[in-house]
$ cat my_file21.cif   # mmCIF, C-alpha atoms, pLDDT in the B column; chains and numbers go by the auth columns
data_model
#
loop_
_atom_site.group_PDB
_atom_site.id
_atom_site.type_symbol
_atom_site.label_atom_id
_atom_site.label_comp_id
_atom_site.label_asym_id
_atom_site.label_seq_id
_atom_site.Cartn_x
_atom_site.Cartn_y
_atom_site.Cartn_z
_atom_site.B_iso_or_equiv
_atom_site.auth_seq_id
_atom_site.auth_asym_id
ATOM 1 C CA ARG A 1 -41.119 -3.735 -33.057 65.00 133 Z
ATOM 2 C CA PRO A 2 -40.801 -4.684 -29.383 72.00 134 Z
ATOM 3 C CA THR A 3 -41.674 -2.146 -26.728 70.00 135 Z
ATOM 4 C CA VAL A 4 -40.570 -1.645 -23.119 67.00 136 Z
ATOM 5 C CA SER A 5 -41.936 0.034 -20.001 68.00 137 Z
ATOM 6 C CA PRO A 6 -39.205 2.395 -18.740 66.00 138 Z
ATOM 7 C CA GLY A 7 -38.759 3.192 -15.058 65.00 139 Z
ATOM 8 C CA GLY A 8 -38.639 -0.291 -13.581 61.00 140 Z
ATOM 9 C CA LEU A 9 -41.537 -1.382 -11.374 61.00 141 Z
ATOM 10 C CA THR A 10 -42.960 2.146 -11.115 65.00 142 Z
ATOM 11 C CA GLY A 11 -42.922 2.503 -14.893 59.00 143 Z
ATOM 12 C CA SER A 12 -44.611 -0.870 -15.358 66.00 144 Z
ATOM 13 C CA ILE A 13 -47.413 0.095 -12.942 66.00 145 Z
ATOM 14 C CA ALA A 14 -47.852 3.461 -14.671 62.00 146 Z
ATOM 15 C CA THR A 15 -48.012 1.732 -18.060 66.00 147 Z
ATOM 16 C CA PHE A 16 -50.485 -0.828 -16.765 64.00 148 Z
ATOM 17 C CA PHE A 17 -52.906 1.884 -15.618 61.00 149 Z
ATOM 18 C CA GLY A 18 -52.430 3.842 -18.837 66.00 150 Z
ATOM 19 C CA LEU A 19 -50.595 6.718 -17.151 64.00 151 Z
ATOM 20 C CA ARG A 20 -47.514 6.261 -19.301 67.00 152 Z
ATOM 21 C CA ALA A 21 -47.027 4.960 -22.803 70.00 153 Z
ATOM 22 C CA LYS A 22 -44.555 2.225 -23.686 72.00 154 Z
ATOM 23 C CA GLU A 23 -41.423 3.125 -25.620 72.00 155 Z
ATOM 24 C CA ASP A 24 -39.655 1.504 -28.508 73.00 156 Z
ATOM 25 C CA ALA A 25 -37.243 -1.057 -27.049 74.00 157 Z
ATOM 26 C CA MET A 26 -34.334 -0.389 -29.440 77.00 158 Z
ATOM 27 C CA ALA A 27 -34.524 3.380 -28.992 78.00 159 Z
ATOM 28 C CA PHE A 28 -34.767 2.985 -25.207 73.00 160 Z
ATOM 29 C CA HIS A 29 -31.706 0.700 -24.926 74.00 161 Z
ATOM 30 C CA LYS A 30 -29.650 2.869 -27.296 81.00 162 Z
ATOM 31 C CA ALA A 31 -30.367 5.876 -25.112 82.00 163 Z
ATOM 32 C CA ALA A 32 -29.489 3.827 -22.018 82.00 164 Z
ATOM 33 C CA ILE A 33 -26.113 2.857 -23.552 84.00 165 Z
ATOM 34 C CA VAL A 34 -25.326 6.491 -24.337 83.00 166 Z
ATOM 35 C CA ASP A 35 -26.283 7.547 -20.801 83.00 167 Z
ATOM 36 C CA THR A 36 -24.221 4.750 -19.222 84.00 168 Z
ATOM 37 C CA SER A 37 -21.179 5.642 -21.358 82.00 169 Z
ATOM 38 C CA ALA A 38 -21.471 9.279 -20.282 80.00 170 Z
ATOM 39 C CA GLN A 39 -21.617 8.238 -16.614 78.00 171 Z
ATOM 40 C CA ILE A 40 -18.519 6.059 -17.022 76.00 172 Z
ATOM 41 C CA GLN A 41 -16.607 8.916 -18.643 75.00 173 Z
ATOM 42 C CA ARG A 42 -17.589 11.319 -15.849 72.00 174 Z
ATOM 43 C CA ARG A 43 -16.465 8.876 -13.171 69.00 175 Z
ATOM 44 C CA GLN A 44 -13.194 8.155 -14.937 65.00 176 Z
ATOM 45 C CA LYS A 45 -12.534 11.874 -15.222 64.00 177 Z
ATOM 46 C CA PHE A 46 -13.466 13.063 -11.741 55.00 178 Z
ATOM 47 C CA GLU A 47 -13.273 10.026 -9.438 54.00 179 Z
ATOM 48 C CA HIS A 48 -10.096 8.340 -10.672 54.00 180 Z
ATOM 49 C CA LYS A 49 -6.775 10.103 -11.026 61.00 181 Z
ATOM 50 C CA SER A 50 -4.284 9.059 -13.660 64.00 182 Z
ATOM 51 C CA SER A 51 -1.888 6.495 -12.211 65.00 183 Z
ATOM 52 C CA GLY A 52 0.963 7.320 -14.572 70.00 184 Z
ATOM 53 C CA VAL A 53 1.486 3.591 -15.055 76.00 185 Z
ATOM 54 C CA ALA A 54 1.040 1.550 -18.241 78.00 186 Z
ATOM 55 C CA PHE A 55 1.156 -2.231 -18.644 81.00 187 Z
ATOM 56 C CA ILE A 56 2.328 -3.918 -21.853 82.00 188 Z
ATOM 57 C CA THR A 57 1.806 -7.619 -22.474 83.00 189 Z
ATOM 58 C CA PHE A 58 4.139 -9.623 -24.757 84.00 190 Z
ATOM 59 C CA ALA A 59 3.468 -12.974 -26.392 84.00 191 Z
ATOM 60 C CA THR A 60 6.649 -14.542 -24.974 84.00 192 Z
ATOM 61 C CA ALA A 61 9.105 -13.808 -22.192 83.00 193 Z
ATOM 62 C CA ILE A 62 12.156 -13.197 -24.430 86.00 194 Z
ATOM 63 C CA PRO A 63 11.060 -9.839 -25.956 84.00 195 Z
ATOM 64 C CA THR A 64 9.838 -8.780 -22.513 83.00 196 Z
ATOM 65 C CA HIS A 65 13.335 -9.119 -21.062 83.00 197 Z
ATOM 66 C CA HIS A 66 14.865 -7.468 -24.156 81.00 198 Z
ATOM 67 C CA VAL A 67 12.703 -4.357 -23.685 78.00 199 Z
ATOM 68 C CA ALA A 68 13.428 -4.226 -19.964 80.00 200 Z
ATOM 69 C CA ARG A 69 17.148 -4.534 -20.698 77.00 201 Z
ATOM 70 C CA ASP A 70 17.137 -1.850 -23.410 74.00 202 Z
ATOM 71 C CA PHE A 71 15.399 0.657 -21.156 74.00 203 Z
ATOM 72 C CA TYR A 72 17.522 -0.275 -18.136 72.00 204 Z
ATOM 73 C CA LEU A 73 20.783 0.589 -19.920 68.00 205 Z
ATOM 74 C CA ARG A 74 20.830 4.336 -20.599 67.00 206 Z
ATOM 75 C CA SER A 75 23.068 3.967 -23.666 66.00 207 Z
ATOM 76 C CA ASP A 76 20.762 1.391 -25.259 68.00 208 Z
ATOM 77 C CA ARG A 77 17.748 3.539 -24.469 70.00 209 Z
ATOM 78 C CA LYS A 78 19.223 6.582 -26.213 71.00 210 Z
ATOM 79 C CA ALA A 79 20.153 4.562 -29.285 71.00 211 Z
ATOM 80 C CA LEU A 80 16.707 2.987 -29.414 69.00 212 Z
ATOM 81 C CA LEU A 81 14.854 6.286 -29.094 72.00 213 Z
ATOM 82 C CA LYS A 82 17.138 8.008 -31.598 72.00 214 Z
ATOM 83 C CA ASN A 83 15.922 5.618 -34.294 72.00 215 Z
ATOM 84 C CA CYS A 84 12.256 6.206 -33.437 73.00 216 Z
ATOM 85 C CA PRO A 85 10.412 7.074 -36.697 72.00 217 Z
ATOM 86 C CA ASP A 86 7.982 9.462 -34.976 72.00 218 Z
ATOM 87 C CA GLN A 87 10.160 11.969 -33.144 71.00 219 Z
ATOM 88 C CA GLU A 88 7.200 14.266 -32.508 76.00 220 Z
ATOM 89 C CA LEU A 89 5.462 11.509 -30.575 67.00 221 Z
ATOM 90 C CA ARG A 90 8.686 10.862 -28.685 69.00 222 Z
ATOM 91 C CA LYS A 91 8.863 14.506 -27.570 73.00 223 Z
ATOM 92 C CA ARG A 92 5.298 14.391 -26.266 72.00 224 Z
ATOM 93 C CA LEU A 93 5.629 11.067 -24.420 66.00 225 Z
ATOM 94 C CA LYS A 94 9.147 11.789 -23.030 73.00 226 Z
ATOM 95 C CA PRO A 95 10.247 8.119 -22.833 70.00 227 Z
ATOM 96 C CA GLU A 96 13.660 9.196 -21.519 72.00 228 Z
ATOM 97 C CA GLN A 97 11.981 9.693 -18.147 71.00 229 Z
ATOM 98 C CA TRP A 98 10.233 6.322 -18.052 73.00 230 Z
ATOM 99 C CA ASN A 99 11.018 3.647 -15.501 76.00 231 Z
ATOM 100 C CA VAL A 100 10.553 0.292 -17.208 79.00 232 Z
ATOM 101 C CA ASN A 101 10.351 -2.760 -14.938 78.00 233 Z
ATOM 102 C CA LEU A 102 9.017 -6.271 -15.174 81.00 234 Z
ATOM 103 C CA ALA A 103 5.487 -6.202 -13.756 81.00 235 Z
ATOM 104 C CA GLU A 104 4.213 -8.355 -10.947 82.00 236 Z
ATOM 105 C CA ARG A 105 1.283 -10.706 -11.391 83.00 237 Z
ATOM 106 C CA PRO A 106 -2.054 -8.856 -11.615 83.00 238 Z
ATOM 107 C CA GLN A 107 -3.285 -10.405 -8.360 87.00 239 Z
ATOM 108 C CA ASP A 108 -0.140 -9.143 -6.572 87.00 240 Z
ATOM 109 C CA ILE A 109 -0.673 -5.495 -7.545 86.00 241 Z
ATOM 110 C CA TYR A 110 -2.486 -2.984 -5.353 88.00 242 Z
ATOM 111 C CA TRP A 111 -4.286 -1.220 -8.200 82.00 243 Z
ATOM 112 C CA ASN A 112 -5.780 1.517 -6.027 82.00 244 Z
ATOM 113 C CA HIS A 113 -2.267 2.517 -4.857 83.00 245 Z
ATOM 114 C CA LEU A 114 -0.821 3.182 -8.323 81.00 246 Z
ATOM 115 C CA SER A 115 -2.205 6.726 -8.504 79.00 247 Z
ATOM 116 C CA THR A 116 -0.363 7.778 -5.327 82.00 248 Z
ATOM 117 C CA SER A 117 2.612 10.004 -6.161 82.00 249 Z
ATOM 118 C CA LYS A 118 6.194 9.089 -5.266 83.00 250 Z
ATOM 119 C CA TYR A 119 6.428 12.151 -3.017 87.00 251 Z
ATOM 120 C CA SER A 120 3.339 11.067 -1.079 88.00 252 Z
ATOM 121 C CA LYS A 121 4.719 7.540 -0.697 89.00 253 Z
ATOM 122 C CA PHE A 122 8.025 8.907 0.595 90.00 254 Z
ATOM 123 C CA ILE A 123 6.238 11.052 3.206 92.00 255 Z
ATOM 124 C CA ARG A 124 4.122 8.064 4.210 91.00 256 Z
ATOM 125 C CA ARG A 125 7.224 5.885 4.677 90.00 257 Z
ATOM 126 C CA VAL A 126 8.751 8.532 6.925 91.00 258 Z
ATOM 127 C CA ILE A 127 5.544 8.695 8.994 91.00 259 Z
ATOM 128 C CA VAL A 128 5.384 4.891 9.345 89.00 260 Z
ATOM 129 C CA PHE A 129 9.050 4.789 10.375 88.00 261 Z
ATOM 130 C CA ALA A 130 8.390 7.471 13.004 89.00 262 Z
ATOM 131 C CA ILE A 131 5.354 5.579 14.340 85.00 263 Z
ATOM 132 C CA VAL A 132 7.281 2.328 14.685 83.00 264 Z
ATOM 133 C CA LEU A 133 10.175 4.205 16.310 85.00 265 Z
ATOM 134 C CA ILE A 134 7.821 5.756 18.886 85.00 266 Z
ATOM 135 C CA VAL A 135 6.247 2.352 19.618 80.00 267 Z
ATOM 136 C CA ALA A 136 9.708 0.830 20.128 79.00 268 Z
ATOM 137 C CA LEU A 137 10.766 3.657 22.448 81.00 269 Z
ATOM 138 C CA VAL A 138 7.559 3.465 24.485 78.00 270 Z
ATOM 139 C CA TRP A 139 7.961 -0.295 24.805 76.00 271 Z
ATOM 140 C CA SER A 140 11.581 0.073 25.940 74.00 272 Z
ATOM 141 C CA ILE A 141 10.695 2.362 28.869 73.00 273 Z
ATOM 142 C CA PRO A 142 9.287 -0.358 31.166 69.00 274 Z
ATOM 143 C CA ILE A 143 12.053 -2.724 30.073 68.00 275 Z
ATOM 144 C CA SER A 144 14.724 -0.210 31.107 69.00 276 Z
ATOM 145 C CA PHE A 145 13.056 0.262 34.510 65.00 277 Z
ATOM 146 C CA LEU A 146 12.721 -3.477 35.114 64.00 278 Z
ATOM 147 C CA ALA A 147 16.384 -4.051 34.288 64.00 279 Z
ATOM 148 C CA SER A 148 17.395 -2.706 37.716 64.00 280 Z
ATOM 149 C CA VAL A 149 15.656 -3.201 41.054 61.00 281 Z
ATOM 150 C CA ASP A 150 17.376 -0.075 42.405 61.00 282 Z
ATOM 151 C CA THR A 151 15.548 2.000 39.764 62.00 283 Z
ATOM 152 C CA LEU A 152 12.200 0.456 40.715 61.00 284 Z
ATOM 153 C CA GLU A 153 12.782 1.150 44.387 60.00 285 Z
ATOM 154 C CA GLN A 154 13.150 4.876 43.624 63.00 286 Z
ATOM 155 C CA ILE A 155 9.646 5.081 42.124 62.00 287 Z
ATOM 156 C CA PRO A 156 7.175 6.480 44.729 64.00 288 Z
ATOM 157 C CA GLY A 157 4.640 3.893 45.787 61.00 289 Z
ATOM 158 C CA LEU A 158 6.010 1.096 43.616 58.00 290 Z
ATOM 159 C CA GLY A 159 9.377 1.155 45.366 60.00 291 Z
ATOM 160 C CA LEU A 160 7.859 0.080 48.714 63.00 292 Z
ATOM 161 C CA VAL A 161 6.085 -2.849 47.042 64.00 293 Z
ATOM 162 C CA VAL A 162 9.301 -3.980 45.350 62.00 294 Z
ATOM 163 C CA GLU A 163 11.215 -3.788 48.615 67.00 295 Z
ATOM 164 C CA GLU A 164 8.582 -5.890 50.421 67.00 296 Z
ATOM 165 C CA VAL A 165 8.605 -8.523 47.654 67.00 297 Z
ATOM 166 C CA ILE A 166 12.415 -8.793 47.606 67.00 298 Z
ATOM 167 C CA SER A 167 12.553 -8.948 51.413 70.00 299 Z
ATOM 168 C CA LEU A 168 10.362 -12.058 51.277 68.00 300 Z
ATOM 169 C CA ASN A 169 12.783 -13.890 49.003 69.00 301 Z
ATOM 170 C CA PRO A 170 15.881 -12.516 47.207 66.00 302 Z
ATOM 171 C CA PHE A 171 15.077 -14.854 44.328 68.00 303 Z
ATOM 172 C CA PHE A 172 12.380 -12.383 43.227 66.00 304 Z
ATOM 173 C CA GLN A 173 15.120 -9.857 42.453 66.00 305 Z
ATOM 174 C CA ASP A 174 16.673 -12.292 39.971 66.00 306 Z
ATOM 175 C CA ILE A 175 13.257 -12.823 38.371 67.00 307 Z
ATOM 176 C CA ILE A 176 12.600 -9.066 38.045 65.00 308 Z
ATOM 177 C CA GLU A 177 16.037 -8.213 36.653 64.00 309 Z
ATOM 178 C CA GLY A 178 16.670 -11.340 34.588 66.00 310 Z
ATOM 179 C CA TYR A 179 13.426 -12.800 33.264 70.00 311 Z
ATOM 180 C CA ILE A 180 10.797 -10.050 33.004 69.00 312 Z
ATOM 181 C CA PRO A 181 12.827 -7.716 30.698 71.00 313 Z
ATOM 182 C CA SER A 182 13.652 -10.638 28.415 74.00 314 Z
ATOM 183 C CA LEU A 183 10.020 -11.730 28.440 76.00 315 Z
ATOM 184 C CA LEU A 184 8.800 -8.238 27.475 73.00 316 Z
ATOM 185 C CA THR A 185 11.427 -7.993 24.725 77.00 317 Z
ATOM 186 C CA THR A 186 10.351 -11.365 23.318 80.00 318 Z
ATOM 187 C CA LEU A 187 6.711 -10.285 23.473 80.00 319 Z
ATOM 188 C CA PHE A 188 7.552 -7.114 21.529 78.00 320 Z
ATOM 189 C CA VAL A 189 9.401 -9.088 18.852 81.00 321 Z
ATOM 190 C CA LEU A 190 6.411 -11.420 18.509 84.00 322 Z
ATOM 191 C CA CYS A 191 3.931 -8.528 18.260 83.00 323 Z
ATOM 192 C CA LEU A 192 6.065 -6.459 15.867 83.00 324 Z
ATOM 193 C CA PRO A 193 5.109 -8.356 12.640 85.00 325 Z
ATOM 194 C CA PHE A 194 1.409 -7.870 13.434 87.00 326 Z
ATOM 195 C CA ILE A 195 1.969 -4.166 14.098 84.00 327 Z
ATOM 196 C CA LEU A 196 3.961 -3.718 10.883 87.00 328 Z
ATOM 197 C CA ASN A 197 1.505 -5.653 8.707 88.00 329 Z
ATOM 198 C CA ASN A 198 -1.265 -3.303 9.820 88.00 330 Z
ATOM 199 C CA THR A 199 0.884 -0.151 9.561 88.00 331 Z
ATOM 200 C CA VAL A 200 2.732 -0.634 6.258 90.00 332 Z
ATOM 201 C CA PRO A 201 -0.455 -0.392 4.077 89.00 333 Z
ATOM 202 C CA PHE A 202 -0.465 3.321 4.979 90.00 334 Z
ATOM 203 C CA GLU A 203 2.660 3.618 2.793 89.00 335 Z
ATOM 204 C CA LYS A 204 0.519 2.713 -0.269 89.00 336 Z
ATOM 205 C CA PRO A 205 2.897 0.049 -1.662 90.00 337 Z
ATOM 206 C CA ASP A 206 2.378 -0.834 -5.329 87.00 338 Z
ATOM 207 C CA THR A 207 2.724 -4.604 -4.966 88.00 339 Z
ATOM 208 C CA VAL A 208 2.633 -7.383 -2.400 89.00 340 Z
ATOM 209 C CA ALA A 209 6.414 -7.747 -2.782 89.00 341 Z
ATOM 210 C CA THR A 210 6.912 -4.061 -1.923 89.00 342 Z
ATOM 211 C CA HIS A 211 4.634 -4.477 1.107 91.00 343 Z
ATOM 212 C CA ASN A 212 6.601 -7.494 2.355 91.00 344 Z
ATOM 213 C CA ALA A 213 9.918 -5.721 1.740 90.00 345 Z
ATOM 214 C CA SER A 214 8.782 -2.749 3.863 90.00 346 Z
ATOM 215 C CA VAL A 215 7.672 -5.064 6.666 90.00 347 Z
ATOM 216 C CA LEU A 216 11.013 -6.896 6.662 89.00 348 Z
ATOM 217 C CA ARG A 217 13.002 -3.646 6.476 87.00 349 Z
ATOM 218 C CA LEU A 218 11.219 -2.189 9.490 87.00 350 Z
ATOM 219 C CA TYR A 219 11.297 -5.494 11.351 85.00 351 Z
ATOM 220 C CA TYR A 220 15.054 -5.953 11.059 82.00 352 Z
ATOM 221 C CA THR A 221 15.601 -2.276 11.865 79.00 353 Z
ATOM 222 C CA PHE A 222 13.969 -2.544 15.289 74.00 354 Z
ATOM 223 C CA ILE A 223 14.865 -6.043 16.495 70.00 355 Z
#
$ encode --input "my_file21.cif" --output "structure tokens"
Amino acid sequence: RPTVSPGGLTGSIATFFGLRAKEDAMAFHKAAIVDTSAQIQRRQKFEHKSSGVAFITFATAIPTHHVARDFYLRSDRKALLKNCPDQELRKRLKPEQWNVNLAERPQDIYWNHLSTSKYSKFIRRVIVFAIVLIVALVWSIPISFLASVDTLEQIPGLGLVVEEVISLNPFFQDIIEGYIPSLLTTLFVLCLPFILNNTVPFEKPDTVATHNASVLRLYYTFI
């Protein structure tokens, strides 16, 4: 029967110098499989929370849409579950509380976000909305000041500079009141998608479509 030197390089050196005996290869690998399986079970139990989501694959698209339709209509769902042969299993699984939807493509799903609870996602959406609102308000402060030269002239220190600039040429007043606020507003609108794309992931969206929908919702709320 084949033998193996356990312990990697250290084990091979120890075996070479006669400090450690070789082990039966089949017994060694069987023990390694058992140990690896135990490690996987421990990690699944302690490092990964249950997502509460299950994916079912159908051979064709027609039964997929039939199941989605039957669970979407409450009357059809009740009739379907009433005829379930295993009512004990039905009581344990509570399918009346399921939300059945057509799944996105696997590459469009954020798998590490599925375990986040709906309550946590709601709180995160509120926080993101508040952050974007604060950014919009902070950005609007200089725009509101630049909209009127009289307001700028009342600011200590800056007011004297504005008066000197306008006294040189009244055209500068038109630039300050007409062009600079519009330029800052346009700059904010251009920067907003970048800000939202880097902020929305905090909401833990389930799919790419949900992520894009949140970005568009916030974008059209603040423009």
$ closest_residue --input "my_file21.cif" --among "Z:Leu328, Z:Leu348, Z:Leu234, Z:Val340" --to "Z:Phe187" --atoms "only C-alpha atoms"
Z:Leu234
$ resolve_selection --input "my_file21.cif" --expression "the PyMOL selection byres ((chain Z and resi 240-257) around 8)" --output "JSON, numbers by chain"
{"Z": [181, 182, 183, 184, 185, 236, 237, 238, 239, 258, 259, 260, 261, 334, 335, 336, 337, 338, 339, 340, 341]}
$ atom_distance --input "my_file21.cif" --atom1 "atom CA of Z:Pro134" --atom2 "atom CA of Z:Ile172"
27.7 Å
$ closest_residue --input "my_file21.cif" --among "Z:Gln229, Z:Thr135, Z:Ser346, Z:Thr317" --to "Z:Pro333" --atoms "only C-alpha atoms"
Z:Ser346
$ resolve_selection --input "my_file21.cif" --expression "the PyMOL selection byres ((chain Z and resi 158) around 9)" --output "list of chain:residue names"
Z:Arg133, Z:Pro134, Z:Thr135, Z:Val136, Z:Glu155, Z:Asp156, Z:Ala157, Z:Ala159, Z:Phe160, Z:His161, Z:Lys162, Z:Ala163
$ residues_around --input "my_file21.cif" --residues "stretch 323-327 of chain Z" --least-positions-apart "6" --cutoff "9 Å" --atoms "all atoms listed in the file" --output "PyMOL selection string"
chain Z and resi 264+347-348+351+354-355
$ atom_distance --input "my_file21.cif" --atom1 "atom CA of Z:Tyr352" --atom2 "atom CA of Z:Asn233"
26.6 Å
$ closest_residue --input "my_file21.cif" --among "Z:Ala153, Z:Val232, Z:Ile194, Z:Leu316" --to "Z:Ala268" --atoms "only C-alpha atoms"
Z:Leu316
$ atom_distance --input "my_file21.cif" --atom1 "atom CA of Z:Pro313" --atom2 "atom CA of Z:Ile266"
18.6 Å
